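Reproduced below: data_21.txt, with compact mmCIF, C-alpha atoms.
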# COMPACT_ATOMS: atom_id res chain seq x y z
CA MET A 1 -24.09 -1.23 8.50
CA SER A 2 -20.32 -1.20 8.34
CA ARG A 3 -18.56 -3.32 5.74
CA PRO A 4 -15.64 -5.51 6.77
CA PRO A 5 -12.19 -4.27 5.74
CA THR A 6 -10.85 -5.58 2.45
CA ALA A 7 -8.03 -7.24 4.38
CA LEU A 8 -10.63 -9.54 5.94
CA VAL A 9 -12.56 -10.10 2.71
CA SER A 10 -9.40 -10.99 0.80
CA ALA A 11 -8.37 -13.36 3.62
CA VAL A 12 -11.72 -15.11 3.38
CA GLY A 13 -11.20 -15.41 -0.37
CA LEU A 14 -7.72 -16.91 -0.08
CA VAL A 15 -8.28 -19.18 2.92
CA GLY A 16 -11.89 -20.03 2.13
CA GLY A 17 -11.16 -20.68 -1.52
CA PHE A 18 -8.28 -22.99 -0.67
CA ALA A 19 -10.26 -24.83 2.01
CA ALA A 20 -13.26 -25.29 -0.27
CA ALA A 21 -11.11 -26.60 -3.10
CA ARG A 22 -9.14 -28.91 -0.87
CA TYR A 23 -11.96 -30.43 1.16
CA THR A 24 -14.50 -30.76 -1.64
CA ASN A 25 -11.99 -31.71 -4.35
CA ASN A 26 -13.69 -29.03 -6.44
CA ARG A 27 -11.15 -26.49 -7.69
CA ARG A 28 -13.88 -24.50 -9.46
CA LEU A 29 -15.70 -23.98 -6.18
CA GLY A 30 -12.49 -22.77 -4.53
CA GLY A 31 -11.75 -20.49 -7.46
CA SER A 32 -15.26 -19.11 -7.34
CA ILE A 33 -14.93 -18.22 -3.67
CA TRP A 34 -11.55 -16.62 -4.34
CA ALA A 35 -12.92 -14.63 -7.31
CA ALA A 36 -16.08 -13.53 -5.47
CA ALA A 37 -14.01 -12.12 -2.61
CA GLY A 38 -11.81 -10.25 -5.07
CA LEU A 39 -14.84 -8.83 -6.83
CA LEU A 40 -16.26 -7.68 -3.49
CA CYS A 41 -13.01 -5.85 -2.74
CA LEU A 42 -12.59 -4.29 -6.17
CA PRO A 43 -15.08 -1.38 -5.93
CA ARG A 44 -13.57 -0.32 -2.63
CA TRP A 45 -10.06 -0.56 -4.06
CA VAL A 46 -11.11 1.54 -7.06
CA ARG A 47 -12.44 4.25 -4.74
CA ARG A 48 -8.91 4.52 -3.36
CA GLY A 49 -7.58 5.27 -6.85
CA ALA A 50 -6.82 3.45 -10.07
CA ALA A 51 -3.17 2.86 -9.23
CA ARG A 52 -4.01 1.30 -5.87
CA ALA A 53 -6.76 -0.79 -7.41
CA LEU A 54 -4.32 -2.12 -9.99
CA LEU A 55 -1.69 -2.82 -7.33
CA LEU A 56 -4.15 -4.58 -5.03
CA SER A 57 -5.80 -6.57 -7.81
CA GLY A 58 -2.41 -7.69 -9.07
CA ALA A 59 -1.30 -8.60 -5.58
CA TYR A 60 -4.47 -10.62 -4.98
CA ALA A 61 -4.00 -12.56 -8.22
CA GLY A 62 -0.30 -12.86 -7.48
CA ALA A 63 -0.98 -14.25 -4.02
CA MET A 64 -2.94 -17.08 -5.61
CA GLY A 65 -0.18 -17.69 -8.13
CA VAL A 66 2.68 -17.56 -5.61
CA SER A 67 0.94 -19.84 -3.14
CA HIS A 68 1.21 -22.83 -5.48
CA PRO A 69 5.01 -23.01 -5.90
CA LEU A 70 5.47 -21.88 -2.29
CA ALA A 71 3.31 -24.81 -1.15
CA ARG A 72 5.79 -27.22 -2.69
CA ARG A 73 8.48 -25.78 -0.44
CA ILE A 74 6.70 -25.16 2.86
CA GLY A 75 3.38 -27.01 2.62
CA ALA A 76 -0.08 -26.03 1.48
CA TRP A 77 -1.55 -24.47 4.62
CA PRO A 78 1.64 -22.59 5.58
CA SER A 79 1.77 -21.22 2.04
CA VAL A 80 -1.83 -20.04 2.22
CA ALA A 81 -1.08 -18.44 5.59
CA VAL A 82 1.95 -16.58 4.25
CA VAL A 83 0.19 -15.13 1.21
CA THR A 84 -2.92 -14.30 3.24
CA VAL A 85 -0.94 -12.38 5.86
CA GLY A 86 0.93 -10.53 3.11
CA MET A 87 -2.26 -9.63 1.28
CA GLY A 88 -3.93 -8.58 4.49
CA ALA A 89 -1.05 -6.29 5.37
CA LEU A 90 -1.09 -4.74 1.90
CA CYS A 91 -4.86 -4.20 2.05
CA SER A 92 -4.57 -2.65 5.49
CA LEU A 93 -1.90 -0.22 4.34
CA ALA A 94 -3.12 0.59 0.84
CA ALA A 95 -6.89 0.36 1.07
CA ASP A 96 -8.36 0.06 4.55
CA ARG A 97 -6.29 2.52 6.53
CA ASP A 98 -7.78 6.01 6.71
CA ALA A 99 -10.66 4.89 4.51
CA GLY A 100 -13.05 4.32 7.37
CA GLU A 101 -13.56 0.75 6.16
CA GLY A 102 -14.78 -1.58 8.84
CA ALA A 103 -14.61 1.11 11.49
Would you mind writing the structure in this file as structure tokens?
Amino acid sequence: MSRPPTALVSAVGLVGGFAAARYTNNRRLGGSIWAAAGLLCLPRWVRRGAARALLLSGAYAGAMGVSHPLARRIGAWPSVAVVTVGMGALCSLAADRDAGEGA
């Protein structure tokens, strides 16, 4: 069975984590969803090389961090959309492309 690309898994982590936190008022639940998605991506990122894994892990954590101040400027959901699209593009280019992931 084919695994979904890490771009999709990271998107589920970012969007799903935010939605869970927002609609349940449980930030720990949202953070758990976000972390679980990142942990699911990590082994596949590592297979692409240590440097890429470090870049992608940092970007995933950074996306969470950047979304908060960005939300004050453009709104919560638009902020989540921006960082999710950015993370998805990075995953597609640095991890999923030519890796046979999700194909």
Near A:Ser67, counting only C-alpha atoms, which residues have an atom at most 6 Å away, once you skip same-chain residues fewer than 4 positions from it, shown as a PDB file with C-alpha atoms, in the coordinates of the input?
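Output saved as selection_33.pdb:
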ATOM      1  CA  ALA A  63      -0.980 -14.250  -4.020  1.00  0.00           C
ATOM      2  CA  ALA A  71       3.310 -24.810  -1.150  1.00  0.00           C
ATOM      3  CA  SER A  79       1.770 -21.220   2.040  1.00  0.00           C
TER       4      SER A  79
END
One number please: atom CA of A:Val12 to atom CA of A:Ala59, in Å, one decimal.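 One can read the atom CA of A:Val12 to atom CA of A:Ala59 distance as 15.2 Å.
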Residue with the minimum atom-to-atom distance to A:Ala95, picked from A:Ser57, A:Ser32, A:Asn26, A:Thr6 with only C-alpha atoms counted, is A:Thr6
May I have the residues at most 12 Å from (2.0, -17.0, 3.7) in the file's coordinates, counting all atoms listed in the file, as a PyMOL selection string? chain A and resi 11+14-15+63-64+66-71+73-89
Work out how far atom CA of A:Ala7 is from atom CA of A:Gly62, in Å to one decimal.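 Rounded to one decimal, the two atoms are 15.2 Å apart.
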Which of these residues is nearest to A:Gly38, using all atoms listed in the file: A:Ser10, A:Gly17, A:Arg52, A:Gly58?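 Between A:Ser10, A:Gly17, A:Arg52, A:Gly58, the residue approaching A:Gly38 most closely is A:Ser10.
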Using atom CA of A:Asp98 and atom CA of A:Ile33 as the two end points, give the distance in Å to one decimal.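 Straight-line distance from atom CA of A:Asp98 to atom CA of A:Ile33 works out to 27.3 Å.
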Which of A:Leu39, A:Ala53, A:Ala20, A:Leu29 sits closest to A:Cys91 [using all atoms listed in the file]: A:Ala53
Shortest contact to A:Trp45, candidates A:Phe18, A:Gly13, A:Arg27, A:Tyr60, atoms counted only C-alpha atoms, goes to A:Tyr60
